[in-house]
Amino acid sequence: AVLTTHAHLDHAGSHAGIKRATGCKIGINPNGVQTLEKDLWPGHPALTSGFVPETVKVDFTFTEGNVIRVGDYEVTCVHTPGHSLDSTCFVATVGGLRALFTGDTLSGEGHLGVVSAETDFVGYRNHLRRVLAMKPEALLPGHHMFSLAHAERYIEHSISLLEGRWSGFQLGSPAFYPSWWFTHFASTLNRL
């Protein structure tokens with residue numbers, strides 16, 4: 001099974017091919033189903049580079065508090081809208097280590113996922129507080145560096161960003177995300 005953190009192109013754009021190649025089941029928060037099954041990503045800059053997305057049938061959905069069994073592991077779903085309405089984190093104990101898989105809810109080094117003026121910042125902060133209360137040790141984000149210890153420090157840093165002044169937010173594109181950069185400026189790949 002593929003447990004999808006959210007339905008953005010850089011996290012779910014290859015689901016149809018993965019499902020076709022492996023026969024796996026695709027799961028996502030209910031807020032992401034329409035994107036994967038019907039909408040895809042109209043107007044997304046990556047589509048100008050020749051990438052043609054395919055719809056994919058969602059086999060199951062999960063919401064806050066659902067526990068999904070993956071082999072010998074139990075994965076707890078934590079709905080964390082903020083970066084997107086369907087954003088979900090997953091918590092699992094692996095090898096004695098409590099691991100938090102964040103997608104774009106939290107990036108490595110404690111950075112927030114990309115947000116906009118429409119983001120519910122108070123809700124986002126409260127969701128991160130709930131994640132912090134689960135006491136994860138390892139942080140495994142969708143972008144940037146992972147950490148196998150002290151995940152709470154990164155979460156606390158993100159919470160402090162959401163408690164900060166608006167003047168602390170920077171305008172513009174998140175150029176530090178290589179996948180974002182290549183998605184929006186595909187011609188860059190041709191020069192490498």
# chains A, B, ... in the order shown; residues from 1 in each chain; ligands from 1

call {"tool": "residues_around", "arguments": {"residues": "range 86-102 of chain A", "least_positions_apart": "3", "cutoff": "9 Å", "atoms": "only C-alpha atoms", "output": "ChimeraX atom specification"}}
result
/A:3-7,28-33,63-64,73-83,105-107,131,134-142,148-149,151

call {"tool": "select_by_dssp", "arguments": {"residues": "range 1-184 of chain A", "states": "strand (DSSP E)", "output": "PyMOL selection string"}}
result
chain A and resi 2-3+26-28+60-61+67-70+73-79+88-94+97-103+138-141

call {"tool": "residues_around", "arguments": {"residues": "Leu132 in chain A", "least_positions_apart": "3", "cutoff": "8 Å", "atoms": "only C-alpha atoms", "output": "PyMOL selection string"}}
result
chain A and resi 128-129+135-136+152+155-156

call {"tool": "write_last_selection", "arguments": {"atoms": "all heavy atoms", "output": "PDB file, in the first residue's frame"}}
result
ATOM      1  N   LEU A 128       0.330  20.882  14.775  1.00  0.00           N
ATOM      2  CA  LEU A 128       1.715  20.573  15.129  1.00  0.00           C
ATOM      3  C   LEU A 128       1.854  20.299  16.626  1.00  0.00           C
ATOM      4  O   LEU A 128       2.647  19.445  17.026  1.00  0.00           O
ATOM      5  CB  LEU A 128       2.649  21.711  14.704  1.00  0.00           C
ATOM      6  CG  LEU A 128       2.878  21.833  13.199  1.00  0.00           C
ATOM      7  CD1 LEU A 128       3.734  23.054  12.887  1.00  0.00           C
ATOM      8  CD2 LEU A 128       3.517  20.569  12.633  1.00  0.00           C
ATOM      9  N   ARG A 129       1.084  20.995  17.431  1.00  0.00           N
ATOM     10  CA  ARG A 129       1.111  20.719  18.880  1.00  0.00           C
ATOM     11  C   ARG A 129       0.629  19.298  19.164  1.00  0.00           C
ATOM     12  O   ARG A 129       1.160  18.613  20.050  1.00  0.00           O
ATOM     13  CB  ARG A 129       0.250  21.730  19.625  1.00  0.00           C
ATOM     14  CG  ARG A 129       0.907  23.093  19.735  1.00  0.00           C
ATOM     15  CD  ARG A 129       0.030  24.058  20.484  1.00  0.00           C
ATOM     16  NE  ARG A 129       0.712  25.338  20.647  1.00  0.00           N
ATOM     17  CZ  ARG A 129       0.091  26.477  20.869  1.00  0.00           C
ATOM     18  NH1 ARG A 129      -1.228  26.518  20.970  1.00  0.00           N
ATOM     19  NH2 ARG A 129       0.773  27.592  20.999  1.00  0.00           N
ATOM     20  N   LYS A 135       5.165  12.673  20.916  1.00  0.00           N
ATOM     21  CA  LYS A 135       6.561  12.449  21.295  1.00  0.00           C
ATOM     22  C   LYS A 135       7.382  11.653  20.263  1.00  0.00           C
ATOM     23  O   LYS A 135       8.063  10.670  20.605  1.00  0.00           O
ATOM     24  CB  LYS A 135       6.645  11.783  22.657  1.00  0.00           C
ATOM     25  CG  LYS A 135       5.996  12.601  23.765  1.00  0.00           C
ATOM     26  CD  LYS A 135       6.267  12.006  25.115  1.00  0.00           C
ATOM     27  CE  LYS A 135       5.586  12.741  26.232  1.00  0.00           C
ATOM     28  NZ  LYS A 135       5.742  14.136  26.344  1.00  0.00           N
ATOM     29  N   PRO A 136       7.358  12.099  19.003  1.00  0.00           N
ATOM     30  CA  PRO A 136       8.211  11.405  18.022  1.00  0.00           C
ATOM     31  C   PRO A 136       9.678  11.714  18.274  1.00  0.00           C
ATOM     32  O   PRO A 136      10.020  12.779  18.790  1.00  0.00           O
ATOM     33  CB  PRO A 136       7.745  11.991  16.687  1.00  0.00           C
ATOM     34  CG  PRO A 136       7.244  13.349  17.030  1.00  0.00           C
ATOM     35  CD  PRO A 136       6.636  13.217  18.405  1.00  0.00           C
ATOM     36  N   GLU A 152      11.398  16.604  18.395  1.00  0.00           N
ATOM     37  CA  GLU A 152      10.602  17.616  19.104  1.00  0.00           C
ATOM     38  C   GLU A 152      11.187  19.017  18.919  1.00  0.00           C
ATOM     39  O   GLU A 152      10.441  20.003  18.857  1.00  0.00           O
ATOM     40  CB  GLU A 152      10.470  17.269  20.600  1.00  0.00           C
ATOM     41  CG  GLU A 152      11.702  17.487  21.443  1.00  0.00           C
ATOM     42  CD  GLU A 152      12.785  16.407  21.347  1.00  0.00           C
ATOM     43  OE1 GLU A 152      12.567  15.361  20.689  1.00  0.00           O
ATOM     44  OE2 GLU A 152      13.873  16.607  21.932  1.00  0.00           O
ATOM     45  N   ILE A 155       9.887  20.333  15.603  1.00  0.00           N
ATOM     46  CA  ILE A 155       8.457  20.640  15.686  1.00  0.00           C
ATOM     47  C   ILE A 155       8.255  21.924  16.491  1.00  0.00           C
ATOM     48  O   ILE A 155       7.476  22.803  16.094  1.00  0.00           O
ATOM     49  CB  ILE A 155       7.677  19.458  16.311  1.00  0.00           C
ATOM     50  CG1 ILE A 155       7.839  18.201  15.456  1.00  0.00           C
ATOM     51  CG2 ILE A 155       6.192  19.820  16.460  1.00  0.00           C
ATOM     52  CD1 ILE A 155       7.381  16.930  16.132  1.00  0.00           C
ATOM     53  N   GLU A 156       8.952  22.038  17.610  1.00  0.00           N
ATOM     54  CA  GLU A 156       8.842  23.254  18.428  1.00  0.00           C
ATOM     55  C   GLU A 156       9.270  24.487  17.638  1.00  0.00           C
ATOM     56  O   GLU A 156       8.662  25.554  17.750  1.00  0.00           O
ATOM     57  CB  GLU A 156       9.691  23.114  19.697  1.00  0.00           C
ATOM     58  CG  GLU A 156       9.094  22.151  20.694  1.00  0.00           C
ATOM     59  CD  GLU A 156      10.056  21.762  21.819  1.00  0.00           C
ATOM     60  OE1 GLU A 156      11.274  22.108  21.736  1.00  0.00           O
ATOM     61  OE2 GLU A 156       9.593  21.108  22.775  1.00  0.00           O
TER      62      GLU A 156
END

call {"tool": "select_by_dssp", "arguments": {"residues": "range 76-129 of chain A", "states": "alpha helix (DSSP H)", "output": "list in words"}}
result
Phe121, Val122, Gly123, Tyr124, Arg125, Asn126, His127, Leu128 and Arg129 of chain A

call {"tool": "atom_distance", "arguments": {"atom1": "CA of His11 in chain A", "atom2": "CA of Phe51 in chain A"}}
result
14.2 Å

call {"tool": "closest_residue", "arguments": {"among": "A:Ala133, A:Leu85, A:Ala21, A:Val67", "to": "Glu118 in chain A", "atoms": "only C-alpha atoms"}}
result
A:Leu85

call {"tool": "closest_residue", "arguments": {"among": "A:Val114, A:Ala1, A:Ala46, A:Met145", "to": "Val58 in chain A", "atoms": "only C-alpha atoms"}}
result
A:Ala1

call {"tool": "atom_distance", "arguments": {"atom1": "CA of Phe62 in chain A", "atom2": "CA of Gly27 in chain A"}}
result
7.0 Å

call {"tool": "closest_residue", "arguments": {"among": "A:Lys57, A:Ser84, A:Val2, A:Lys25", "to": "Thr119 in chain A", "atoms": "only C-alpha atoms"}}
result
A:Ser84

call {"tool": "closest_residue", "arguments": {"among": "A:Gly110, A:His144, A:Ala117, A:His15", "to": "Ser158 in chain A", "atoms": "only C-alpha atoms"}}
result
A:Gly110

call {"tool": "decode", "arguments": {"residues": "range 78-108 of chain A", "atoms": "N, CA, C and O atoms", "output": "compact mmCIF listing (two decimals), in the first residue's frame"}}
result
# COMPACT_ATOMS: atom_id res chain seq x y z
N VAL A 78 -2.39 11.12 11.42
CA VAL A 78 -2.64 12.38 12.10
C VAL A 78 -2.97 13.41 11.03
O VAL A 78 -2.09 13.81 10.25
N HIS A 79 -4.22 13.82 10.94
CA HIS A 79 -4.63 14.80 9.94
C HIS A 79 -4.08 16.17 10.34
O HIS A 79 -4.37 16.66 11.42
N THR A 80 -3.28 16.78 9.46
CA THR A 80 -2.59 18.03 9.78
C THR A 80 -2.79 19.07 8.68
O THR A 80 -1.82 19.52 8.05
N PRO A 81 -4.03 19.47 8.38
CA PRO A 81 -4.21 20.47 7.33
C PRO A 81 -3.46 21.75 7.68
O PRO A 81 -3.36 22.13 8.84
N GLY A 82 -2.90 22.36 6.67
CA GLY A 82 -2.09 23.56 6.84
C GLY A 82 -1.37 23.79 5.53
O GLY A 82 -1.66 24.72 4.80
N HIS A 83 -0.49 22.89 5.17
CA HIS A 83 0.16 22.93 3.86
C HIS A 83 -0.88 22.67 2.78
O HIS A 83 -0.88 23.30 1.73
N SER A 84 -1.78 21.74 3.04
CA SER A 84 -2.92 21.43 2.16
C SER A 84 -4.03 20.86 3.04
O SER A 84 -3.78 20.43 4.16
N LEU A 85 -5.25 20.85 2.51
CA LEU A 85 -6.38 20.36 3.31
C LEU A 85 -6.29 18.86 3.62
O LEU A 85 -6.85 18.40 4.60
N ASP A 86 -5.60 18.11 2.76
CA ASP A 86 -5.51 16.67 2.97
C ASP A 86 -4.22 16.24 3.67
O ASP A 86 -3.99 15.05 3.87
N SER A 87 -3.38 17.18 4.05
CA SER A 87 -2.09 16.82 4.66
C SER A 87 -2.27 15.90 5.86
O SER A 87 -3.08 16.15 6.74
N THR A 88 -1.48 14.84 5.85
CA THR A 88 -1.53 13.83 6.90
C THR A 88 -0.11 13.43 7.27
O THR A 88 0.72 13.22 6.39
N CYS A 89 0.15 13.33 8.55
CA CYS A 89 1.41 12.78 9.05
C CYS A 89 1.15 11.35 9.49
O CYS A 89 0.01 10.98 9.80
N PHE A 90 2.21 10.56 9.54
CA PHE A 90 2.10 9.17 9.99
C PHE A 90 3.13 8.95 11.09
O PHE A 90 4.28 9.37 10.98
N VAL A 91 2.70 8.28 12.15
CA VAL A 91 3.58 7.96 13.27
C VAL A 91 3.65 6.45 13.41
O VAL A 91 2.61 5.77 13.41
N ALA A 92 4.87 5.93 13.50
CA ALA A 92 5.07 4.49 13.67
C ALA A 92 6.32 4.26 14.51
O ALA A 92 7.25 5.07 14.46
N THR A 93 6.34 3.19 15.26
CA THR A 93 7.53 2.81 16.00
C THR A 93 8.26 1.75 15.18
O THR A 93 7.70 0.70 14.89
N VAL A 94 9.49 2.10 14.78
CA VAL A 94 10.29 1.23 13.93
C VAL A 94 11.62 1.01 14.61
O VAL A 94 12.34 1.97 14.89
N GLY A 95 11.93 -0.24 14.92
CA GLY A 95 13.19 -0.54 15.58
C GLY A 95 13.34 0.17 16.91
O GLY A 95 14.43 0.60 17.27
N GLY A 96 12.25 0.34 17.63
CA GLY A 96 12.28 1.01 18.91
C GLY A 96 12.29 2.53 18.83
O GLY A 96 12.31 3.21 19.84
N LEU A 97 12.28 3.06 17.63
CA LEU A 97 12.33 4.51 17.42
C LEU A 97 10.95 5.00 16.96
O LEU A 97 10.39 4.46 16.01
N ARG A 98 10.41 6.01 17.65
CA ARG A 98 9.11 6.57 17.27
C ARG A 98 9.34 7.55 16.12
O ARG A 98 9.94 8.61 16.30
N ALA A 99 8.90 7.18 14.92
CA ALA A 99 9.19 7.94 13.70
C ALA A 99 7.95 8.71 13.24
O ALA A 99 6.84 8.19 13.26
N LEU A 100 8.18 9.94 12.80
CA LEU A 100 7.14 10.81 12.28
C LEU A 100 7.42 11.08 10.81
O LEU A 100 8.44 11.66 10.46
N PHE A 101 6.51 10.63 9.94
CA PHE A 101 6.59 10.89 8.51
C PHE A 101 5.69 12.09 8.23
O PHE A 101 4.48 12.02 8.47
N THR A 102 6.24 13.18 7.71
CA THR A 102 5.50 14.44 7.66
C THR A 102 5.03 14.91 6.30
O THR A 102 4.25 15.85 6.22
N GLY A 103 5.50 14.32 5.21
CA GLY A 103 5.16 14.90 3.91
C GLY A 103 5.65 16.34 3.89
O GLY A 103 6.81 16.61 4.16
N ASP A 104 4.75 17.29 3.62
CA ASP A 104 5.12 18.70 3.61
C ASP A 104 4.55 19.46 4.81
O ASP A 104 4.65 20.68 4.86
N THR A 105 3.94 18.76 5.76
CA THR A 105 3.47 19.45 6.97
C THR A 105 4.66 20.09 7.65
O THR A 105 4.59 21.21 8.16
N LEU A 106 5.76 19.40 7.66
CA LEU A 106 7.00 19.87 8.27
C LEU A 106 8.13 19.40 7.39
O LEU A 106 8.19 18.24 7.02
N SER A 107 9.02 20.30 7.02
CA SER A 107 10.20 19.91 6.26
C SER A 107 11.35 19.69 7.23
O SER A 107 11.25 20.01 8.41
N GLY A 108 12.46 19.15 6.72
CA GLY A 108 13.63 18.96 7.55
C GLY A 108 14.11 20.28 8.14
O GLY A 108 13.75 21.35 7.66
